[in-house]
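The structure file coords.cif is reproduced below (mmCIF, N, CA and C atoms).
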data_input
#
loop_
_atom_site.label_atom_id
_atom_site.label_comp_id
_atom_site.auth_asym_id
_atom_site.auth_seq_id
_atom_site.Cartn_x
_atom_site.Cartn_y
_atom_site.Cartn_z
N ASP S 1 0.83 -1.19 0.00
CA ASP S 1 0.00 0.00 0.00
C ASP S 1 0.87 1.25 0.00
N ASP S 2 0.30 2.33 -0.51
CA ASP S 2 1.00 3.61 -0.50
C ASP S 2 0.75 4.34 0.81
N CYS S 3 1.69 5.21 1.16
CA CYS S 3 1.47 6.10 2.30
C CYS S 3 0.38 7.10 1.91
N PRO S 4 -0.30 7.70 2.90
CA PRO S 4 -1.30 8.73 2.59
C PRO S 4 -0.66 9.91 1.85
N ALA S 5 -1.47 10.72 1.19
CA ALA S 5 -0.99 11.91 0.49
C ALA S 5 -0.17 12.79 1.43
N SER S 6 0.91 13.33 0.94
CA SER S 6 1.87 14.19 1.65
C SER S 6 2.64 13.47 2.75
N TYR S 7 2.65 12.15 2.69
CA TYR S 7 3.46 11.34 3.60
C TYR S 7 4.50 10.59 2.78
N THR S 8 5.58 10.17 3.41
CA THR S 8 6.64 9.42 2.75
C THR S 8 7.29 8.48 3.76
N THR S 9 8.33 7.78 3.33
CA THR S 9 9.11 6.92 4.22
C THR S 9 10.57 7.36 4.17
N ASN S 10 11.36 6.92 5.16
CA ASN S 10 12.77 7.29 5.20
C ASN S 10 13.60 6.61 4.13
N SER S 11 13.13 5.45 3.65
CA SER S 11 13.93 4.70 2.69
C SER S 11 13.03 3.84 1.81
N THR S 12 13.60 3.32 0.75
CA THR S 12 12.87 2.38 -0.09
C THR S 12 12.78 1.04 0.64
N GLY S 13 11.86 0.21 0.24
CA GLY S 13 11.73 -1.12 0.83
C GLY S 13 11.01 -1.15 2.16
N SER S 14 10.34 -0.08 2.53
CA SER S 14 9.59 -0.06 3.80
C SER S 14 8.46 -1.09 3.73
N ILE S 15 8.16 -1.72 4.86
CA ILE S 15 7.15 -2.78 4.86
C ILE S 15 5.94 -2.50 5.74
N LEU S 16 6.03 -1.48 6.58
CA LEU S 16 4.94 -1.19 7.52
C LEU S 16 4.37 0.21 7.31
N SER S 17 3.08 0.34 7.52
CA SER S 17 2.45 1.67 7.42
C SER S 17 2.98 2.61 8.49
N THR S 18 3.48 2.07 9.59
CA THR S 18 4.02 2.91 10.66
C THR S 18 5.33 3.58 10.25
N GLU S 19 5.89 3.17 9.10
CA GLU S 19 7.10 3.82 8.60
C GLU S 19 6.77 5.08 7.80
N CYS S 20 5.50 5.30 7.53
CA CYS S 20 5.08 6.52 6.84
C CYS S 20 5.10 7.69 7.81
N TYR S 21 5.57 8.83 7.35
CA TYR S 21 5.55 10.04 8.16
C TYR S 21 5.26 11.23 7.25
N VAL S 22 4.79 12.30 7.87
CA VAL S 22 4.43 13.49 7.11
C VAL S 22 5.69 14.08 6.45
N GLU S 23 5.55 14.49 5.19
CA GLU S 23 6.66 15.10 4.47
C GLU S 23 6.53 16.62 4.58
N CYS S 24 7.31 17.21 5.45
CA CYS S 24 7.21 18.65 5.73
C CYS S 24 7.79 19.46 4.57
N GLU S 25 7.34 20.70 4.47
CA GLU S 25 7.83 21.64 3.45
C GLU S 25 9.24 22.10 3.81
N ALA S 26 9.93 22.67 2.83
CA ALA S 26 11.19 23.36 3.12
C ALA S 26 10.88 24.45 4.15
N GLY S 27 11.79 24.67 5.09
CA GLY S 27 11.55 25.64 6.16
C GLY S 27 10.85 25.05 7.36
N GLN S 28 10.61 23.74 7.32
CA GLN S 28 9.95 23.04 8.42
C GLN S 28 10.71 21.77 8.78
N LYS S 29 10.37 21.22 9.95
CA LYS S 29 10.91 19.93 10.36
C LYS S 29 9.78 19.11 10.96
N ALA S 30 9.88 17.81 10.83
CA ALA S 30 8.89 16.91 11.43
C ALA S 30 9.20 16.77 12.92
N THR S 31 8.20 16.94 13.75
CA THR S 31 8.39 16.77 15.19
C THR S 31 7.98 15.37 15.64
N ASP S 32 7.17 14.73 14.84
CA ASP S 32 6.80 13.33 15.03
C ASP S 32 6.29 12.83 13.69
N ARG S 33 5.65 11.68 13.62
CA ARG S 33 5.22 11.10 12.35
C ARG S 33 4.13 11.91 11.66
N THR S 34 3.40 12.76 12.39
CA THR S 34 2.24 13.43 11.79
C THR S 34 2.27 14.96 11.87
N THR S 35 3.31 15.54 12.46
CA THR S 35 3.30 16.97 12.73
C THR S 35 4.56 17.66 12.19
N CYS S 36 4.35 18.78 11.52
CA CYS S 36 5.46 19.63 11.07
C CYS S 36 5.50 20.90 11.91
N MET S 37 6.69 21.43 12.10
CA MET S 37 6.88 22.67 12.85
C MET S 37 7.81 23.56 12.03
N ASP S 38 7.48 24.84 11.94
CA ASP S 38 8.36 25.78 11.24
C ASP S 38 9.71 25.84 11.93
N CYS S 39 10.76 25.96 11.15
CA CYS S 39 12.08 26.19 11.73
C CYS S 39 12.02 27.51 12.50
N PRO S 40 12.55 27.55 13.72
CA PRO S 40 12.48 28.79 14.50
C PRO S 40 13.49 29.82 14.00
N TYR S 41 13.41 31.04 14.53
CA TYR S 41 14.41 32.06 14.23
C TYR S 41 15.80 31.46 14.46
N GLY S 42 16.73 31.79 13.59
CA GLY S 42 18.10 31.31 13.76
C GLY S 42 18.36 29.95 13.15
N GLU S 43 17.35 29.36 12.49
CA GLU S 43 17.51 28.06 11.85
C GLU S 43 16.84 28.08 10.48
N TYR S 44 17.26 27.16 9.61
CA TYR S 44 16.70 27.07 8.26
C TYR S 44 16.71 25.61 7.80
N GLN S 45 15.91 25.30 6.81
CA GLN S 45 15.89 23.96 6.22
C GLN S 45 15.54 24.08 4.74
N PRO S 46 16.49 23.79 3.83
CA PRO S 46 16.23 23.94 2.41
C PRO S 46 15.45 22.78 1.78
N SER S 47 15.39 21.64 2.43
CA SER S 47 14.80 20.45 1.83
C SER S 47 13.41 20.13 2.37
N THR S 48 12.63 19.43 1.57
CA THR S 48 11.35 18.90 2.06
C THR S 48 11.62 17.58 2.77
N GLY S 49 10.73 17.21 3.67
CA GLY S 49 10.81 15.91 4.34
C GLY S 49 11.86 15.80 5.43
N ALA S 50 12.35 16.91 5.94
CA ALA S 50 13.41 16.87 6.95
C ALA S 50 12.83 16.73 8.36
N ASN S 51 13.65 16.21 9.27
CA ASN S 51 13.22 16.15 10.66
C ASN S 51 14.10 17.00 11.57
N THR S 52 14.96 17.82 10.96
CA THR S 52 15.77 18.78 11.71
C THR S 52 15.89 20.06 10.90
N CYS S 53 16.28 21.12 11.57
CA CYS S 53 16.62 22.39 10.91
C CYS S 53 18.09 22.66 11.18
N PHE S 54 18.74 23.37 10.29
CA PHE S 54 20.14 23.74 10.45
C PHE S 54 20.26 25.06 11.19
N SER S 55 21.23 25.16 12.07
CA SER S 55 21.47 26.40 12.83
C SER S 55 22.26 27.39 11.99
N CYS S 56 21.94 28.67 12.14
CA CYS S 56 22.73 29.73 11.50
C CYS S 56 24.07 29.93 12.20
N GLY S 57 24.21 29.42 13.38
CA GLY S 57 25.44 29.56 14.13
C GLY S 57 25.36 30.72 15.12
N GLN S 58 26.22 30.67 16.10
CA GLN S 58 26.23 31.69 17.14
C GLN S 58 26.45 33.08 16.56
N GLY S 59 25.66 34.04 17.03
CA GLY S 59 25.78 35.42 16.58
C GLY S 59 25.03 35.72 15.29
N ASN S 60 24.28 34.74 14.80
CA ASN S 60 23.50 34.91 13.57
C ASN S 60 22.07 34.46 13.79
N THR S 61 21.16 34.98 13.01
CA THR S 61 19.76 34.59 13.09
C THR S 61 19.10 34.83 11.73
N THR S 62 17.80 34.62 11.66
CA THR S 62 17.04 34.84 10.43
C THR S 62 16.02 35.94 10.67
N HIS S 63 15.52 36.54 9.60
CA HIS S 63 14.52 37.60 9.73
C HIS S 63 13.14 37.05 10.06
N GLN S 64 12.93 35.77 9.85
CA GLN S 64 11.62 35.17 10.11
C GLN S 64 11.79 33.70 10.44
N GLU S 65 10.72 33.11 10.93
CA GLU S 65 10.67 31.67 11.09
C GLU S 65 10.44 31.05 9.71
N LYS S 66 10.62 29.75 9.60
CA LYS S 66 10.39 28.99 8.36
C LYS S 66 11.35 29.40 7.24
N SER S 67 12.59 29.72 7.60
CA SER S 67 13.60 30.08 6.61
C SER S 67 14.04 28.82 5.86
N THR S 68 14.40 29.03 4.59
CA THR S 68 14.71 27.89 3.73
C THR S 68 16.14 27.88 3.18
N ASP S 69 16.95 28.88 3.49
CA ASP S 69 18.27 28.93 2.89
C ASP S 69 19.28 29.55 3.84
N ILE S 70 20.51 29.11 3.74
CA ILE S 70 21.57 29.67 4.60
C ILE S 70 21.74 31.16 4.36
N THR S 71 21.39 31.65 3.17
CA THR S 71 21.50 33.08 2.90
C THR S 71 20.46 33.88 3.69
N ASP S 72 19.49 33.20 4.30
CA ASP S 72 18.54 33.88 5.20
C ASP S 72 19.20 34.24 6.52
N CYS S 73 20.33 33.62 6.82
CA CYS S 73 21.05 33.89 8.07
C CYS S 73 21.78 35.23 7.98
N GLN S 74 21.62 36.03 9.01
CA GLN S 74 22.24 37.36 9.06
C GLN S 74 22.88 37.54 10.44
N PRO S 75 23.93 38.33 10.54
CA PRO S 75 24.54 38.57 11.85
C PRO S 75 23.64 39.41 12.75
N ILE S 76 23.79 39.22 14.04
CA ILE S 76 23.09 40.04 15.04
C ILE S 76 24.06 41.16 15.42
N CYS S 77 23.67 42.40 15.17
CA CYS S 77 24.55 43.55 15.41
C CYS S 77 24.41 44.07 16.84
N THR S 78 25.48 44.70 17.31
CA THR S 78 25.48 45.28 18.64
C THR S 78 25.05 46.75 18.56
N ALA S 79 24.79 47.35 19.72
CA ALA S 79 24.51 48.79 19.76
C ALA S 79 25.69 49.52 19.12
N GLY S 80 25.40 50.59 18.38
CA GLY S 80 26.44 51.34 17.69
C GLY S 80 26.70 50.83 16.29
N GLN S 81 25.94 49.81 15.88
CA GLN S 81 26.07 49.24 14.54
C GLN S 81 24.71 49.12 13.89
N TYR S 82 24.71 48.87 12.58
CA TYR S 82 23.49 48.54 11.86
C TYR S 82 23.80 47.39 10.91
N LEU S 83 22.77 46.70 10.47
CA LEU S 83 22.93 45.57 9.57
C LEU S 83 22.83 46.03 8.12
N ASN S 84 23.88 45.79 7.36
CA ASN S 84 23.84 45.98 5.92
C ASN S 84 23.35 44.64 5.36
N VAL S 85 22.06 44.57 5.02
CA VAL S 85 21.43 43.30 4.65
C VAL S 85 22.08 42.71 3.41
N SER S 86 22.34 43.51 2.38
CA SER S 86 22.89 42.96 1.14
C SER S 86 24.31 42.43 1.34
N ALA S 87 25.09 43.07 2.18
CA ALA S 87 26.45 42.62 2.45
C ALA S 87 26.50 41.56 3.56
N ARG S 88 25.38 41.42 4.27
CA ARG S 88 25.27 40.46 5.39
C ARG S 88 26.36 40.71 6.43
N GLU S 89 26.51 41.99 6.81
CA GLU S 89 27.51 42.31 7.83
C GLU S 89 27.06 43.50 8.66
N CYS S 90 27.60 43.57 9.86
CA CYS S 90 27.33 44.69 10.76
C CYS S 90 28.35 45.79 10.46
N ILE S 91 27.86 47.02 10.41
CA ILE S 91 28.71 48.16 10.10
C ILE S 91 28.52 49.20 11.20
N ASP S 92 29.62 49.79 11.65
CA ASP S 92 29.54 50.83 12.68
C ASP S 92 28.73 52.02 12.15
N CYS S 93 27.95 52.63 13.02
CA CYS S 93 27.22 53.84 12.64
C CYS S 93 28.25 54.90 12.23
N PRO S 94 27.98 55.61 11.15
CA PRO S 94 28.93 56.64 10.71
C PRO S 94 28.91 57.85 11.65
N LEU S 95 29.87 58.74 11.47
CA LEU S 95 29.91 59.98 12.24
C LEU S 95 28.58 60.71 12.10
N GLY S 96 28.09 61.29 13.18
CA GLY S 96 26.86 62.06 13.16
C GLY S 96 25.61 61.20 13.29
N SER S 97 25.78 59.91 13.62
CA SER S 97 24.62 59.04 13.82
C SER S 97 24.90 58.08 14.97
N PHE S 98 23.84 57.44 15.44
CA PHE S 98 23.96 56.52 16.58
C PHE S 98 22.88 55.45 16.51
N ASN S 99 23.09 54.41 17.27
CA ASN S 99 22.10 53.36 17.43
C ASN S 99 22.23 52.80 18.84
N PRO S 100 21.27 53.10 19.72
CA PRO S 100 21.36 52.63 21.10
C PRO S 100 20.93 51.17 21.28
N ASP S 101 20.33 50.57 20.25
CA ASP S 101 19.75 49.23 20.39
C ASP S 101 20.65 48.15 19.80
N ALA S 102 20.76 47.06 20.52
CA ALA S 102 21.43 45.88 19.98
C ALA S 102 20.37 45.01 19.33
N GLY S 103 20.74 44.32 18.27
CA GLY S 103 19.83 43.36 17.67
C GLY S 103 19.72 42.14 18.57
N ASN S 104 18.75 41.29 18.28
CA ASN S 104 18.64 40.02 18.98
C ASN S 104 18.07 38.99 18.02
N GLU S 105 17.67 37.87 18.54
CA GLU S 105 17.22 36.76 17.71
C GLU S 105 16.10 37.14 16.75
N THR S 106 15.22 38.07 17.14
CA THR S 106 14.07 38.40 16.31
C THR S 106 14.01 39.88 15.90
N PHE S 107 15.04 40.65 16.24
CA PHE S 107 15.02 42.09 15.96
C PHE S 107 16.30 42.50 15.26
N PHE S 108 16.17 43.12 14.10
CA PHE S 108 17.32 43.59 13.34
C PHE S 108 17.36 45.10 13.32
N VAL S 109 18.53 45.66 13.55
CA VAL S 109 18.75 47.10 13.44
C VAL S 109 19.33 47.34 12.06
N ASP S 110 18.57 48.00 11.18
CA ASP S 110 19.06 48.16 9.82
C ASP S 110 19.36 49.62 9.46
N MET S 111 19.39 50.49 10.47
CA MET S 111 19.79 51.87 10.21
C MET S 111 20.20 52.53 11.52
N CYS S 112 20.99 53.57 11.40
CA CYS S 112 21.36 54.39 12.55
C CYS S 112 20.57 55.69 12.48
N GLU S 113 20.36 56.30 13.64
CA GLU S 113 19.62 57.56 13.70
C GLU S 113 20.59 58.73 13.65
N SER S 114 20.16 59.79 13.00
CA SER S 114 20.99 61.00 12.97
C SER S 114 20.97 61.69 14.32
N CYS S 115 22.06 62.37 14.64
CA CYS S 115 22.14 63.12 15.90
C CYS S 115 21.21 64.33 15.84
#
Rendering of file as structure tokens:
Amino acid sequence: DDCPASYTTNSTGSILSTECYVECEAGQKATDRTTCMDCPYGEYQPSTGANTCFSCGQGNTTHQEKSTDITDCQPICTAGQYLNVSARECIDCPLGSFNPDAGNETFFVDMCESC
């Protein structure tokens, strides 16, 4: 017999229906045989059918949950810096500007304020 729609198995040659599990979308991971969960901030998953998400690594995070690519990972900037999204790097605020806020897992500082 076939697995139900949107379900799959880990390998060919499966013999039991209990080997069927939900095939999650890219940006998600299976938490059990029937449930998918979005990858949280700071993690991504490019493939369908995964049961884990990849970490962006310490000091990096994503702009949203359910990220699908390593290029979604961006550095977390400290106070006095802003995130240059296209360059994927933190840059010190230029002369005549400031930023009192540090970024965190879910908050990105993408500009400095003028004095």
Checklist line | Separation of atom CA of S:Thr52 from atom CA of S:Cys39 in Å | finding: 8.3 Å
Selected by the PyMOL selection byres (((chain S and resi 96-98 and name CA) around 10) and name CA) in the shown coordinates: which residues, as an mmCIF file with N, CA and C atoms, keeping the file's coordinate frame?
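expr32.cif, freshly written:
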data_model
loop_
_atom_site.group_PDB
_atom_site.id
_atom_site.type_symbol
_atom_site.label_atom_id
_atom_site.label_comp_id
_atom_site.auth_asym_id
_atom_site.auth_seq_id
_atom_site.Cartn_x
_atom_site.Cartn_y
_atom_site.Cartn_z
ATOM 1 N N ALA S 79 24.790 47.350 19.720
ATOM 2 C CA ALA S 79 24.510 48.790 19.760
ATOM 3 C C ALA S 79 25.690 49.520 19.120
ATOM 4 N N GLY S 80 25.400 50.590 18.380
ATOM 5 C CA GLY S 80 26.440 51.340 17.690
ATOM 6 C C GLY S 80 26.700 50.830 16.290
ATOM 7 N N GLN S 81 25.940 49.810 15.880
ATOM 8 C CA GLN S 81 26.070 49.240 14.540
ATOM 9 C C GLN S 81 24.710 49.120 13.890
ATOM 10 N N TYR S 82 24.710 48.870 12.580
ATOM 11 C CA TYR S 82 23.490 48.540 11.860
ATOM 12 C C TYR S 82 23.800 47.390 10.910
ATOM 13 N N ASP S 92 29.620 49.790 11.650
ATOM 14 C CA ASP S 92 29.540 50.830 12.680
ATOM 15 C C ASP S 92 28.730 52.020 12.150
ATOM 16 N N CYS S 93 27.950 52.630 13.020
ATOM 17 C CA CYS S 93 27.220 53.840 12.640
ATOM 18 C C CYS S 93 28.250 54.900 12.230
ATOM 19 N N PRO S 94 27.980 55.610 11.150
ATOM 20 C CA PRO S 94 28.930 56.640 10.710
ATOM 21 C C PRO S 94 28.910 57.850 11.650
ATOM 22 N N LEU S 95 29.870 58.740 11.470
ATOM 23 C CA LEU S 95 29.910 59.980 12.240
ATOM 24 C C LEU S 95 28.580 60.710 12.100
ATOM 25 N N ASN S 99 23.090 54.410 17.270
ATOM 26 C CA ASN S 99 22.100 53.360 17.430
ATOM 27 C C ASN S 99 22.230 52.800 18.840
ATOM 28 N N PRO S 100 21.270 53.100 19.720
ATOM 29 C CA PRO S 100 21.360 52.630 21.100
ATOM 30 C C PRO S 100 20.930 51.170 21.280
ATOM 31 N N ASP S 101 20.330 50.570 20.250
ATOM 32 C CA ASP S 101 19.750 49.230 20.390
ATOM 33 C C ASP S 101 20.650 48.150 19.800
ATOM 34 N N MET S 111 19.390 50.490 10.470
ATOM 35 C CA MET S 111 19.790 51.870 10.210
ATOM 36 C C MET S 111 20.200 52.530 11.520
ATOM 37 N N CYS S 112 20.990 53.570 11.400
ATOM 38 C CA CYS S 112 21.360 54.390 12.550
ATOM 39 C C CYS S 112 20.570 55.690 12.480
ATOM 40 N N GLU S 113 20.360 56.300 13.640
ATOM 41 C CA GLU S 113 19.620 57.560 13.700
ATOM 42 C C GLU S 113 20.590 58.730 13.650
ATOM 43 N N SER S 114 20.160 59.790 13.000
ATOM 44 C CA SER S 114 20.990 61.000 12.970
ATOM 45 C C SER S 114 20.970 61.690 14.320
ATOM 46 N N CYS S 115 22.060 62.370 14.640
ATOM 47 C CA CYS S 115 22.140 63.120 15.900
ATOM 48 C C CYS S 115 21.210 64.330 15.840
#
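If you look at atom CA of S:Pro46 and atom CA of S:Ser11, they are 19.4 Å away from each other.
Nearest residue to S:Glu65 among S:Gly27, S:Leu83, S:Ser47, S:Ile91 is S:Gly27, counting only N, CA and C atoms.
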Item checked: Close residues, S:Cys24 itself excluded, 6 Å, only N, CA and C atoms, min 3 positions apart in chain, as a ChimeraX atom specification -> /S:28-30,36,48-50
Check: Residues of stretch 12-107 of chain S in strand (DSSP E or B) according to DSSP, as a PyMOL selection string?
Finding: chain S and resi 21-22+28-30+36-38+43-44+54-55+60-62+67+73-75+81-84+89-92+97-98+104+107
Restricting it to N, CA and C atoms, dump the selection as a CSV table (one decimal), in the coordinates of the input.
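Result went into again-v1.csv, see below:
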chain,number,residue,atom,x,y,z
S,21,TYR,N,5.6,8.8,7.4
S,21,TYR,CA,5.6,10.0,8.2
S,21,TYR,C,5.3,11.2,7.2
S,22,VAL,N,4.8,12.3,7.9
S,22,VAL,CA,4.4,13.5,7.1
S,22,VAL,C,5.7,14.1,6.4
S,28,GLN,N,10.6,23.7,7.3
S,28,GLN,CA,10.0,23.0,8.4
S,28,GLN,C,10.7,21.8,8.8
S,29,LYS,N,10.4,21.2,10.0
S,29,LYS,CA,10.9,19.9,10.4
S,29,LYS,C,9.8,19.1,11.0
S,30,ALA,N,9.9,17.8,10.8
S,30,ALA,CA,8.9,16.9,11.4
S,30,ALA,C,9.2,16.8,12.9
S,36,CYS,N,4.4,18.8,11.5
S,36,CYS,CA,5.5,19.6,11.1
S,36,CYS,C,5.5,20.9,11.9
S,37,MET,N,6.7,21.4,12.1
S,37,MET,CA,6.9,22.7,12.8
S,37,MET,C,7.8,23.6,12.0
S,38,ASP,N,7.5,24.8,11.9
S,38,ASP,CA,8.4,25.8,11.2
S,38,ASP,C,9.7,25.8,11.9
S,43,GLU,N,17.4,29.4,12.5
S,43,GLU,CA,17.5,28.1,11.8
S,43,GLU,C,16.8,28.1,10.5
S,44,TYR,N,17.3,27.2,9.6
S,44,TYR,CA,16.7,27.1,8.3
S,44,TYR,C,16.7,25.6,7.8
S,54,PHE,N,18.7,23.4,10.3
S,54,PHE,CA,20.1,23.7,10.4
S,54,PHE,C,20.3,25.1,11.2
S,55,SER,N,21.2,25.2,12.1
S,55,SER,CA,21.5,26.4,12.8
S,55,SER,C,22.3,27.4,12.0
S,60,ASN,N,24.3,34.7,14.8
S,60,ASN,CA,23.5,34.9,13.6
S,60,ASN,C,22.1,34.5,13.8
S,61,THR,N,21.2,35.0,13.0
S,61,THR,CA,19.8,34.6,13.1
S,61,THR,C,19.1,34.8,11.7
S,62,THR,N,17.8,34.6,11.7
S,62,THR,CA,17.0,34.8,10.4
S,62,THR,C,16.0,35.9,10.7
S,67,SER,N,12.6,29.7,7.6
S,67,SER,CA,13.6,30.1,6.6
S,67,SER,C,14.0,28.8,5.9
S,73,CYS,N,20.3,33.6,6.8
S,73,CYS,CA,21.0,33.9,8.1
S,73,CYS,C,21.8,35.2,8.0
S,74,GLN,N,21.6,36.0,9.0
S,74,GLN,CA,22.2,37.4,9.1
S,74,GLN,C,22.9,37.5,10.4
S,75,PRO,N,23.9,38.3,10.5
S,75,PRO,CA,24.5,38.6,11.8
S,75,PRO,C,23.6,39.4,12.8
S,81,GLN,N,25.9,49.8,15.9
S,81,GLN,CA,26.1,49.2,14.5
S,81,GLN,C,24.7,49.1,13.9
S,82,TYR,N,24.7,48.9,12.6
S,82,TYR,CA,23.5,48.5,11.9
S,82,TYR,C,23.8,47.4,10.9
S,83,LEU,N,22.8,46.7,10.5
S,83,LEU,CA,22.9,45.6,9.6
S,83,LEU,C,22.8,46.0,8.1
S,84,ASN,N,23.9,45.8,7.4
S,84,ASN,CA,23.8,46.0,5.9
S,84,ASN,C,23.4,44.6,5.4
S,89,GLU,N,26.5,42.0,6.8
S,89,GLU,CA,27.5,42.3,7.8
S,89,GLU,C,27.1,43.5,8.7
S,90,CYS,N,27.6,43.6,9.9
S,90,CYS,CA,27.3,44.7,10.8
S,90,CYS,C,28.4,45.8,10.5
S,91,ILE,N,27.9,47.0,10.4
S,91,ILE,CA,28.7,48.2,10.1
S,91,ILE,C,28.5,49.2,11.2
S,92,ASP,N,29.6,49.8,11.6
S,92,ASP,CA,29.5,50.8,12.7
S,92,ASP,C,28.7,52.0,12.2
S,97,SER,N,25.8,59.9,13.6
S,97,SER,CA,24.6,59.0,13.8
S,97,SER,C,24.9,58.1,15.0
S,98,PHE,N,23.8,57.4,15.4
S,98,PHE,CA,24.0,56.5,16.6
S,98,PHE,C,22.9,55.4,16.5
S,104,ASN,N,18.8,41.3,18.3
S,104,ASN,CA,18.6,40.0,19.0
S,104,ASN,C,18.1,39.0,18.0
S,107,PHE,N,15.0,40.6,16.2
S,107,PHE,CA,15.0,42.1,16.0
S,107,PHE,C,16.3,42.5,15.3
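Take the candidates S:Asp69, S:Glu23, S:Asp110, S:Glu105 and check each one against S:Ser86 using only C-alpha atoms; the shortest distance goes to S:Asp110.
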Checklist line | Selection result for the PyMOL selection byres ((chain S and resi 76) around 6.5) on this file, as number ranges by chain | finding: S: 59-61, 74-75, 77-78, 103-104
Notebook entry, point to check: Counting all atoms listed in the file, which of S:Thr8, S:Gln58, S:Thr68, S:Asn51 gets nearest to S:Ala26?
Noted result: S:Thr68
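For the structure in this document, the set picked by the PyMOL selection byres ((chain S and resi 54) around 6.5) is Gly42, Glu43, Tyr44, Gln45, Thr52, Cys53, Ser55, Cys56 and Gly57 of chain S.
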Print the selection's residues with N, CA and C atoms to a file, as a compact mmCIF listing (two decimals), in the frame of the given file.
# COMPACT_ATOMS: atom_id res chain seq x y z
N GLY S 42 16.73 31.79 13.59
CA GLY S 42 18.10 31.31 13.76
C GLY S 42 18.36 29.95 13.15
N GLU S 43 17.35 29.36 12.49
CA GLU S 43 17.51 28.06 11.85
C GLU S 43 16.84 28.08 10.48
N TYR S 44 17.26 27.16 9.61
CA TYR S 44 16.70 27.07 8.26
C TYR S 44 16.71 25.61 7.80
N GLN S 45 15.91 25.30 6.81
CA GLN S 45 15.89 23.96 6.22
C GLN S 45 15.54 24.08 4.74
N THR S 52 14.96 17.82 10.96
CA THR S 52 15.77 18.78 11.71
C THR S 52 15.89 20.06 10.90
N CYS S 53 16.28 21.12 11.57
CA CYS S 53 16.62 22.39 10.91
C CYS S 53 18.09 22.66 11.18
N SER S 55 21.23 25.16 12.07
CA SER S 55 21.47 26.40 12.83
C SER S 55 22.26 27.39 11.99
N CYS S 56 21.94 28.67 12.14
CA CYS S 56 22.73 29.73 11.50
C CYS S 56 24.07 29.93 12.20
N GLY S 57 24.21 29.42 13.38
CA GLY S 57 25.44 29.56 14.13
C GLY S 57 25.36 30.72 15.12
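Put simply, atom N of S:Lys66 is 5.8 Å away from atom N of S:Tyr41.
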Note to self: Can you pull out every residue from stretch 17-107 of chain S that DSSP, working from the backbone, puts in helix (DSSP H, G or I), and format the result as a ChimeraX atom specification?
What the structure shows: /S:17-19,70-72
